[in-house]
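Here is the file structure-v4.txt (compact mmCIF, C-alpha atoms (C1' of nucleotides)).
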```
# COMPACT_ATOMS: atom_id res chain seq x y z
CA MET H 90 44.99 48.69 15.89
CA LEU H 91 41.65 50.06 14.78
CA TYR H 92 40.55 53.41 16.10
CA PRO H 93 36.89 54.37 16.35
CA GLY H 94 35.84 56.42 13.38
CA GLU H 95 39.17 55.97 11.61
CA TRP H 96 39.90 59.04 9.54
CA SER H 97 41.12 59.28 6.02
CA GLY H 98 41.99 62.16 3.79
CA LYS H 99 40.94 60.38 0.65
CA ASN H 100 37.61 58.79 0.01
CA MET H 101 36.09 60.36 3.05
CA GLY H 102 32.64 61.70 3.33
CA THR H 103 30.45 62.22 0.34
CA ASN H 104 31.51 63.81 -2.87
CA LEU H 105 28.85 66.40 -3.43
CA ARG H 106 31.26 68.71 -5.22
CA LYS H 107 29.53 68.35 -8.56
CA LEU H 108 26.15 69.19 -7.06
CA VAL H 109 26.93 72.25 -5.02
CA THR H 110 27.75 75.83 -5.90
CA PRO H 111 30.10 77.52 -3.46
CA THR H 112 30.25 81.26 -2.90
CA GLU H 113 33.62 82.86 -2.29
CA ILE H 114 33.50 84.90 0.88
CA ASP H 115 35.75 87.37 2.60
CA ILE H 116 37.11 86.09 5.88
CA ALA H 117 36.12 89.39 7.47
CA SER H 118 32.46 88.50 6.94
CA LEU H 119 32.86 85.76 9.55
CA ARG H 120 33.76 88.21 12.28
CA HIS H 121 31.69 87.76 15.45
CA LYS H 122 30.28 84.54 14.09
CA THR H 123 30.79 81.13 15.68
CA LEU H 124 31.99 78.27 13.51
CA ALA H 125 31.45 74.67 14.54
CA VAL H 126 34.69 73.03 13.51
CA ASP H 127 34.82 69.36 12.59
CA ALA H 128 37.67 68.57 14.98
CA HIS H 129 38.72 65.19 13.63
CA ASN H 130 38.73 66.50 10.10
CA GLN H 131 41.04 69.36 11.02
CA ILE H 132 43.33 67.37 13.29
CA TYR H 133 43.70 64.73 10.62
CA GLN H 134 44.92 67.37 8.22
CA PHE H 135 47.55 68.57 10.65
CA LEU H 136 48.71 65.02 11.24
CA SER H 137 49.00 64.41 7.51
CA VAL H 138 50.93 67.50 6.69
CA ILE H 139 53.01 68.57 9.68
CA ARG H 140 55.85 66.11 9.42
CA GLN H 141 59.59 65.81 9.39
CA PRO H 142 61.35 65.31 6.07
CA ASP H 143 61.48 61.56 6.68
CA GLY H 144 57.72 61.46 7.08
CA GLU H 145 57.76 61.05 10.85
CA TYR H 146 55.60 63.17 13.13
CA LEU H 147 57.13 65.91 15.20
CA ARG H 148 57.44 64.61 18.74
CA THR H 149 58.68 65.45 22.19
CA SER H 150 61.92 63.90 23.41
CA ASP H 151 59.92 61.13 25.07
CA GLY H 152 57.95 60.40 21.91
CA LYS H 153 54.62 62.20 22.33
CA VAL H 154 53.23 63.41 18.98
CA THR H 155 53.09 67.21 18.73
CA SER H 156 52.17 67.72 15.07
CA HIS H 157 48.49 68.34 15.82
CA LEU H 158 49.24 70.89 18.56
CA LEU H 159 51.75 72.59 16.32
CA GLY H 160 48.93 73.01 13.82
CA LEU H 161 46.21 73.96 16.29
CA LEU H 162 48.11 76.68 18.14
CA PRO H 163 48.68 79.19 15.32
CA ARG H 164 45.48 78.17 13.59
CA THR H 165 43.14 78.84 16.48
CA ALA H 166 45.05 81.93 17.63
CA ASN H 167 44.83 83.36 14.14
CA LEU H 168 41.12 82.76 13.62
CA LEU H 169 40.19 84.01 17.09
CA ASN H 170 42.29 87.06 16.41
CA ARG H 171 40.19 87.82 13.38
CA GLY H 172 37.16 87.81 15.63
CA ILE H 173 35.94 84.41 14.49
CA LYS H 174 34.58 82.39 17.38
CA LEU H 175 35.19 78.67 17.30
CA ALA H 176 33.64 75.57 18.77
CA TYR H 177 35.34 72.24 18.18
CA VAL H 178 33.11 69.23 17.75
CA PHE H 179 34.58 65.77 18.31
CA ASP H 180 33.27 62.51 16.92
CA GLY H 181 31.75 59.98 19.28
CA LEU H 182 30.91 56.39 18.39
CA PRO H 183 30.38 55.78 14.70
CA PRO H 184 27.18 54.05 13.60
CA GLN H 185 27.37 50.33 12.95
CA LEU H 186 26.92 50.93 9.23
CA LYS H 187 30.25 52.76 9.08
CA GLU H 188 32.16 49.64 10.05
CA GLN H 189 33.06 48.71 6.48
CA THR H 190 34.42 52.15 5.69
CA ILE H 191 36.44 52.24 8.90
CA ARG H 192 37.96 48.85 8.18
CA SER H 193 38.91 49.74 4.63
CA ARG H 194 40.48 52.99 5.76
CA SER H 195 42.45 51.07 8.33
CA ASP H 196 43.62 48.60 5.69
CA ARG H 197 44.72 51.43 3.44
CA LYS H 198 46.73 52.90 6.28
CA SER H 199 48.50 49.61 6.78
CA ASP H 200 49.31 49.49 3.07
CA ALA H 201 50.59 53.05 3.21
CA ALA H 202 52.75 52.19 6.22
CA GLU H 203 54.38 49.37 4.25
CA LYS H 204 55.01 51.61 1.28
CA LEU H 205 56.42 54.22 3.62
CA ALA H 206 58.89 51.70 4.99
CA GLN H 207 59.92 50.74 1.45
CA ALA H 208 60.33 54.36 0.41
CA LYS H 209 62.46 54.98 3.47
CA GLU H 210 64.80 52.14 2.56
CA ALA H 211 65.04 53.44 -0.98
CA GLY H 212 65.59 56.95 0.36
CA ALA H 213 62.81 58.32 -1.85
CA THR H 214 61.97 61.56 -0.08
CA ALA H 215 58.90 62.58 -2.07
CA GLU H 216 57.41 59.11 -1.74
CA MET H 217 58.06 59.11 1.99
CA LYS H 218 56.06 62.27 2.42
CA LYS H 219 53.23 60.98 0.29
CA TYR H 220 52.80 57.68 2.10
CA ALA H 221 53.45 59.10 5.55
CA ALA H 222 50.52 61.48 5.10
CA ARG H 223 48.25 58.51 4.47
CA THR H 224 49.22 56.74 7.65
CA ALA H 225 47.92 59.49 9.93
CA ARG H 226 45.75 58.19 12.77
CA LEU H 227 43.83 59.94 15.49
CA THR H 228 44.93 58.01 18.54
CA PRO H 229 43.27 58.52 21.92
CA GLU H 230 46.34 60.49 23.06
CA ILE H 231 46.04 62.84 20.10
CA ILE H 232 42.32 63.39 20.70
CA ASP H 233 42.80 63.93 24.42
CA SER H 234 45.67 66.38 24.06
CA SER H 235 43.74 68.31 21.41
CA LYS H 236 40.76 68.67 23.72
CA ARG H 237 42.96 69.66 26.61
CA PHE H 238 44.68 72.30 24.51
CA LEU H 239 41.41 73.76 23.23
CA GLU H 240 40.02 73.91 26.75
CA ALA H 241 43.15 75.70 27.93
CA ILE H 242 42.80 78.40 25.30
CA GLY H 243 39.11 78.82 26.14
CA VAL H 244 37.59 77.32 23.01
CA PRO H 245 34.49 75.20 23.64
CA VAL H 246 34.91 71.47 23.10
CA ILE H 247 31.75 69.58 22.27
CA GLN H 248 31.63 65.81 22.38
CA ALA H 249 29.18 64.38 19.89
CA PRO H 250 27.49 61.15 20.93
CA SER H 251 27.95 59.85 17.38
CA GLU H 252 29.07 61.65 14.21
CA ALA H 253 30.38 65.19 14.71
CA ASP H 254 28.73 66.17 11.42
CA ALA H 255 25.30 65.50 12.91
CA GLN H 256 26.10 67.41 16.09
CA THR H 257 27.45 70.30 14.07
CA ALA H 258 24.29 70.41 11.96
CA LEU H 259 22.21 70.68 15.10
CA MET H 260 24.36 73.49 16.45
CA VAL H 261 23.98 75.50 13.26
CA GLN H 262 20.26 74.79 13.06
CA LYS H 263 19.64 75.88 16.63
CA GLY H 264 21.48 79.12 16.00
CA GLY H 265 24.37 78.75 18.41
CA CYS H 266 26.71 78.59 15.44
CA TYR H 267 26.68 80.36 12.12
CA ALA H 268 28.16 77.56 10.05
CA ALA H 269 29.96 74.27 10.14
CA ALA H 270 33.63 74.29 9.13
CA SER H 271 34.96 71.21 7.43
CA THR H 272 36.57 70.07 4.21
CA ASP H 273 33.81 67.59 3.47
CA TYR H 274 30.16 68.05 2.70
CA ASP H 275 28.53 65.52 5.01
CA THR H 276 27.20 68.03 7.48
CA LEU H 277 24.94 69.38 4.72
CA LEU H 278 23.40 65.93 4.46
CA HIS H 279 22.81 66.01 8.20
CA GLY H 280 20.96 69.27 7.64
CA SER H 281 23.44 72.00 8.49
CA PRO H 282 22.10 75.21 6.94
CA ARG H 283 25.62 76.50 6.23
CA LEU H 284 29.07 75.10 5.63
CA VAL H 285 32.36 76.95 5.35
CA ARG H 286 35.20 75.23 3.49
CA ARG H 287 38.84 76.19 2.91
CA LEU H 288 39.07 78.30 5.99
CA SER H 289 42.74 77.42 6.16
CA LYS H 290 43.75 79.03 2.91
CA SER H 291 41.98 82.21 3.90
CA GLN H 292 45.07 84.34 3.82
CA ARG H 293 46.03 83.60 0.27
CA ALA H 294 44.53 85.46 -2.62
CA THR H 295 44.15 82.36 -4.79
CA SER H 296 41.42 80.37 -3.10
CA GLY H 297 39.73 82.03 -0.19
CA PRO H 298 37.10 80.53 2.07
CA GLU H 299 33.87 79.39 0.48
CA LEU H 300 30.37 79.31 1.90
CA LEU H 301 27.75 76.75 1.01
CA VAL H 302 24.14 77.47 1.89
CA LEU H 303 21.97 74.39 2.01
CA GLU H 304 18.79 76.19 1.03
CA ASP H 305 20.49 77.74 -2.00
CA ILE H 306 21.83 74.38 -3.08
CA LEU H 307 18.37 72.81 -2.84
CA ASP H 308 16.77 75.75 -4.66
CA THR H 309 19.30 75.62 -7.45
CA LEU H 310 18.91 71.89 -7.92
CA GLY H 311 15.15 72.08 -7.45
CA ILE H 312 15.05 69.25 -4.94
CA SER H 313 14.24 68.63 -1.28
CA HIS H 314 16.77 67.84 1.42
CA ASP H 315 15.68 64.20 1.45
CA GLU H 316 16.23 64.06 -2.28
CA LEU H 317 19.74 65.41 -1.85
CA ILE H 318 20.41 62.69 0.71
CA ALA H 319 19.00 60.14 -1.72
CA ILE H 320 21.38 61.24 -4.47
CA ALA H 321 24.31 61.09 -2.07
CA ILE H 322 23.38 57.55 -1.02
CA MET H 323 23.21 56.53 -4.66
CA MET H 324 26.64 58.02 -5.33
CA GLY H 325 28.13 56.45 -2.22
CA THR H 326 28.52 57.52 1.40
CA ASP H 327 30.57 56.41 4.38
CA TYR H 328 27.69 54.10 5.25
CA HIS H 329 27.76 52.33 1.90
CA PRO H 330 30.84 53.50 0.01
CA ARG H 331 30.08 51.88 -3.31
CA GLY H 332 26.66 53.41 -3.68
CA ILE H 333 24.79 52.17 -6.72
CA ARG H 334 26.82 51.20 -9.74
CA GLY H 335 26.57 53.67 -12.59
CA ILE H 336 24.89 56.43 -10.60
CA GLY H 337 26.69 59.74 -10.38
CA PRO H 338 25.41 63.25 -9.73
CA ARG H 339 23.82 63.55 -13.17
CA ARG H 340 21.76 60.38 -13.13
CA GLY H 341 21.03 60.65 -9.42
CA LEU H 342 19.55 64.09 -9.86
CA LYS H 343 17.46 62.98 -12.81
CA LEU H 344 16.15 59.95 -10.93
CA VAL H 345 14.98 61.88 -7.86
CA LYS H 346 13.41 64.60 -9.94
CA GLN H 347 11.42 62.18 -12.05
CA ASN H 348 10.39 59.76 -9.32
CA ASP H 349 9.50 59.74 -5.68
CA ILE H 350 12.37 58.58 -3.51
CA PRO H 351 11.51 54.87 -3.12
CA LYS H 352 10.86 54.61 -6.83
CA ALA H 353 14.10 56.41 -7.64
CA PHE H 354 16.07 53.84 -5.64
CA ASP H 355 14.11 51.09 -7.31
CA ARG H 356 14.78 52.43 -10.80
CA ALA H 357 18.44 52.83 -9.94
CA GLY H 358 18.60 49.16 -9.09
CA CYS H 359 19.38 49.62 -5.43
CA ASP H 360 20.06 46.31 -3.68
CA PHE H 361 20.83 47.54 -0.16
CA ASP H 362 18.91 49.08 2.72
CA TRP H 363 18.94 52.71 1.66
CA GLN H 364 16.30 53.61 4.21
CA ALA H 365 18.61 52.73 7.08
CA ILE H 366 21.22 55.08 5.67
CA MET H 367 18.73 57.84 5.11
CA GLY H 368 17.69 57.43 8.71
CA LEU H 369 21.26 58.12 9.82
CA TYR H 370 21.24 61.48 8.07
CA GLN H 371 17.75 62.43 9.17
CA ASP H 372 17.85 61.28 12.74
CA MET H 373 21.28 60.67 14.21
CA GLU H 374 21.79 60.87 17.94
CA THR H 375 22.95 64.32 19.05
CA GLU H 376 23.59 66.13 22.31
CA GLU H 377 21.26 69.05 23.01
CA ASP H 378 23.05 70.19 26.12
CA TYR H 379 26.18 72.02 25.01
CA SER H 380 27.76 75.44 25.26
CA VAL H 381 29.55 77.42 22.57
CA LEU H 382 30.71 80.08 24.99
CA TRP H 383 34.22 81.41 24.39
CA GLU H 384 36.18 81.61 27.63
CA PRO H 385 39.31 83.60 28.45
CA PRO H 386 42.56 81.73 27.81
CA ASN H 387 44.09 80.04 30.83
CA ASN H 388 47.64 81.22 30.27
CA GLU H 389 49.20 79.13 32.98
CA ALA H 390 47.53 75.97 31.72
CA ILE H 391 48.71 76.76 28.20
CA ARG H 392 52.30 77.23 29.40
CA VAL H 393 52.32 74.10 31.50
CA MET H 394 50.93 72.01 28.70
CA LEU H 395 52.84 73.36 25.72
CA VAL H 396 56.17 74.38 27.23
CA ASP H 397 56.63 71.87 30.05
CA GLU H 398 54.79 68.89 28.69
CA TYR H 399 55.11 69.26 24.93
CA GLU H 400 58.45 71.05 24.77
CA PHE H 401 57.32 74.03 22.71
CA SER H 402 59.65 77.02 22.77
CA GLU H 403 58.73 79.60 25.34
CA ASP H 404 58.88 82.40 22.75
CA THR H 405 56.41 80.72 20.45
CA VAL H 406 53.98 80.05 23.26
CA GLU H 407 54.19 83.53 24.77
CA LYS H 408 53.61 85.09 21.37
CA ARG H 409 50.46 83.07 20.84
CA ILE H 410 49.26 83.70 24.38
CA ASP H 411 49.46 87.44 23.66
CA GLU H 412 47.41 86.95 20.52
CA LEU H 413 44.81 84.89 22.37
CA GLU H 414 44.50 87.49 25.11
CA ASP H 415 44.08 90.28 22.56
CA ALA H 416 41.52 88.26 20.71
CA TYR H 417 39.48 87.54 23.81
CA GLU H 418 39.56 91.12 24.98
CA GLN H 419 38.50 92.40 21.59
CA PHE H 420 35.85 89.91 20.64
CA GLY H 421 35.11 87.63 23.58
C1' DC C 13 49.92 73.89 8.19
C1' DG C 14 51.57 78.51 9.43
C1' DG C 15 55.45 81.59 10.60
C1' DG C 16 59.67 83.67 9.98
C1' DC C 17 63.61 84.84 7.26
C1' DC C 18 65.81 86.38 3.29
C1' DA C 19 66.70 87.21 -1.55
C1' DA C 20 65.04 89.55 -5.54
C1' DT Y 28 56.04 93.91 -1.18
C1' DT Y 29 56.32 89.05 -2.93
C1' DG Y 30 57.64 84.36 -2.95
C1' DG Y 31 60.43 80.35 -2.04
C1' DC Y 32 62.35 77.67 1.61
C1' DC Y 33 63.08 75.84 6.08
C1' DC Y 34 61.57 74.92 10.57
C1' DG Y 35 58.65 73.65 14.39
C1' DG Y 36 59.24 69.24 18.90
```
Have the structure of the file written as structure tokens, please.
Amino acid sequence: MLYPGEWSGKNMGTNLRKLVTPTEIDIASLRHKTLAVDAHNQIYQFLSVIRQPDGEYLRTSDGKVTSHLLGLLPRTANLLNRGIKLAYVFDGLPPQLKEQTIRSRSDRKSDAAEKLAQAKEAGATAEMKKYAARTARLTPEIIDSSKRFLEAIGVPVIQAPSEADAQTALMVQKGGCYAAASTDYDTLLHGSPRLVRRLSKSQRATSGPELLVLEDILDTLGISHDELIAIAIMMGTDYHPRGIRGIGPRRGLKLVKQNDIPKAFDRAGCDFDWQAIMGLYQDMETEEDYSVLWEPPNNEAIRVMLVDEYEFSEDTVEKRIDELEDAYEQFG
DNA sequence: CGGGCCAA
DNA sequence: TTGGCCCGG
């Protein structure tokens, strides 16, 4: 079964790491700001990591997956409690050009599922965990229950017509949100002025959240936004994963600085339709009519969903409801 | 992942 | 207080 937009932890998005310079920030500096969270990105992480020792998801007695909700509940309650407003942006239909990436991710998941089965037979615990994480899939049930949960706690849910990264970029550009929150860099290619990464590890001293400012990145590199997109396309994106052979950040940067964009692609030996890909970053379909308004938590809806339907312990749920109420009263 | 518990 | 470990459904 192939799911639209199939997610993968590895080989996802564009690897701009070697081109960007992050700034460590204090989580307190995000207070009263709204972050546009890449929902699929975050849910995928929960599905990868929140597992039983045998690699299986956590589920209700009748088999509904709960791993994602088990991740979302403390996560959202915690961030809201710190005065950080959230808006979750969900992917819509992926562009045609993403087909190849989606198929290869799906194939890799099937491979991982086989290896997981083998590891289970061999009783290799560490292997089980490793391969199980790679089999994570955002099924329609997982997406729907995530949206329903977020709506119950009062967090805005925005449905992107196509890629969430493009929608997110629009929301940051228009000023409704301060930054995008994601582990990958693609929203910068779609033109988001700011990106926050590693929000999750915010409580640890080791690696706090980092902020990337598009304008600063472009200034530092001495290039335009289109030129950054061009380099990314050369290095490989979801819309053409291989990119151009032999082109990494170093050569890509040199090429766009010494040539205009068409010539840079020509010199690099590009043999695919780079302009179509560039068009996806410059002009993807987005929804202009959205709200990022934080609403009060609907406690009864939260209880019904989490306790009755998803078999969460009453204590856990009541504790988080208290946090959510506090958060809304303080910062909403 | 994030929380809670406990040992050092 | 800090950190390692287990648990959550």
(request) For atom CA of H:Asp273 and atom CA of H:Ala166, quote the distance in Å rounded to one decimal. (result) 23.1 Å
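With atom CA of H:Gly98 on one side and atom C1' of C:DG16 on the other, the separation reads 28.5 Å.
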Fewer than 2 positions away in the same chain doesn't count, so skip those; otherwise give me all residues within 7 Å of stretch 244-258 of chain H, counting only C-alpha atoms (C1' of nucleotides), as an mmCIF file with C-alpha atoms, keeping the file's coordinate frame.
```cif
data_model
loop_
_atom_site.group_PDB
_atom_site.id
_atom_site.type_symbol
_atom_site.label_atom_id
_atom_site.label_comp_id
_atom_site.auth_asym_id
_atom_site.auth_seq_id
_atom_site.Cartn_x
_atom_site.Cartn_y
_atom_site.Cartn_z
ATOM 1 C CA ALA H 125 31.450 74.670 14.540
ATOM 2 C CA ASP H 127 34.820 69.360 12.590
ATOM 3 C CA LEU H 175 35.190 78.670 17.300
ATOM 4 C CA ALA H 176 33.640 75.570 18.770
ATOM 5 C CA TYR H 177 35.340 72.240 18.180
ATOM 6 C CA VAL H 178 33.110 69.230 17.750
ATOM 7 C CA PHE H 179 34.580 65.770 18.310
ATOM 8 C CA ASP H 180 33.270 62.510 16.920
ATOM 9 C CA GLY H 181 31.750 59.980 19.280
ATOM 10 C CA LEU H 182 30.910 56.390 18.390
ATOM 11 C CA PRO H 183 30.380 55.780 14.700
ATOM 12 C CA PRO H 184 27.180 54.050 13.600
ATOM 13 C CA LYS H 236 40.760 68.670 23.720
ATOM 14 C CA LEU H 239 41.410 73.760 23.230
ATOM 15 C CA GLU H 240 40.020 73.910 26.750
ATOM 16 C CA ILE H 242 42.800 78.400 25.300
ATOM 17 C CA MET H 260 24.360 73.490 16.450
ATOM 18 C CA VAL H 261 23.980 75.500 13.260
ATOM 19 C CA GLN H 262 20.260 74.790 13.060
ATOM 20 C CA ALA H 269 29.960 74.270 10.140
ATOM 21 C CA ASP H 275 28.530 65.520 5.010
ATOM 22 C CA THR H 276 27.200 68.030 7.480
ATOM 23 C CA HIS H 279 22.810 66.010 8.200
ATOM 24 C CA GLY H 280 20.960 69.270 7.640
ATOM 25 C CA SER H 281 23.440 72.000 8.490
ATOM 26 C CA MET H 373 21.280 60.670 14.210
ATOM 27 C CA GLU H 374 21.790 60.870 17.940
ATOM 28 C CA THR H 375 22.950 64.320 19.050
ATOM 29 C CA GLU H 376 23.590 66.130 22.310
ATOM 30 C CA TYR H 379 26.180 72.020 25.010
ATOM 31 C CA SER H 380 27.760 75.440 25.260
ATOM 32 C CA VAL H 381 29.550 77.420 22.570
ATOM 33 C CA LEU H 382 30.710 80.080 24.990
ATOM 34 C CA TRP H 383 34.220 81.410 24.390
ATOM 35 C CA GLU H 384 36.180 81.610 27.630
#
```
(message) Rounded to one decimal, what separation in Å do you get between atom CA of H:Leu342 and atom CA of H:Ile320?
(response)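 Distance between the two atoms: 6.4 Å.
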(request) Do a neighbour search on C:DA19 at 12 Å with only C-alpha atoms (C1' of nucleotides), toss out local chain neighbours closer than 5 positions, and write the hits as a list of chain:residue names. (result)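 The filter keeps Y:DT29, Y:DG30, Y:DG31, Y:DC32.
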Centre, edges in Å (one decimal): axis-aligned box, stretch 341-351 of chain H, 3 Å padding on all six sides, as lines of an AutoDock Vina configuration file:
```
center_x = 15.3
center_y = 59.7
center_z = -8.0
size_x = 17.5
size_y = 15.7
size_z = 15.7
```
Can you list every residue of chain Y that has an atom at most 12 Å from chain H, with its nearest atom pair and the distance in Å to one decimal, using only C-alpha atoms (C1' of nucleotides), ordered by chain then number, as a tab-separated table?
```
residue	atom	partner	partner_atom	distance
Y:DC33	C1'	H:Pro142	CA	10.7
Y:DC34	C1'	H:Gln141	CA	9.4
Y:DG35	C1'	H:Leu159	CA	7.2
Y:DG36	C1'	H:Arg148	CA	5.0
```
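Counting all atoms listed in the file, the residue from H:Arg120, H:Lys408, H:Lys198, H:Arg164 that sits nearest to chain C is H:Arg164.
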(request) Return the neighbours of chain C among the residues of chain H, cut-off 12 Å, counting only C-alpha atoms (C1' of nucleotides), as a PyMOL selection string. (result) chain H and resi 131-140+156-167+288-293+405+408-409
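Using only C-alpha atoms, the nearest neighbour of H:Glu216 within the list H:Gly172, H:Pro330, H:Gly144, H:Pro229 is H:Gly144.
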(message) Give me, as a PyMOL selection string, all polymer residues having an atom no more than 12 Å from H:Ser313, counting only C-alpha atoms (C1' of nucleotides) and skipping those fewer than 3 positions away in the same chain.
(response) chain H and resi 278+280+303-310+316-320+342+345-346+349-350
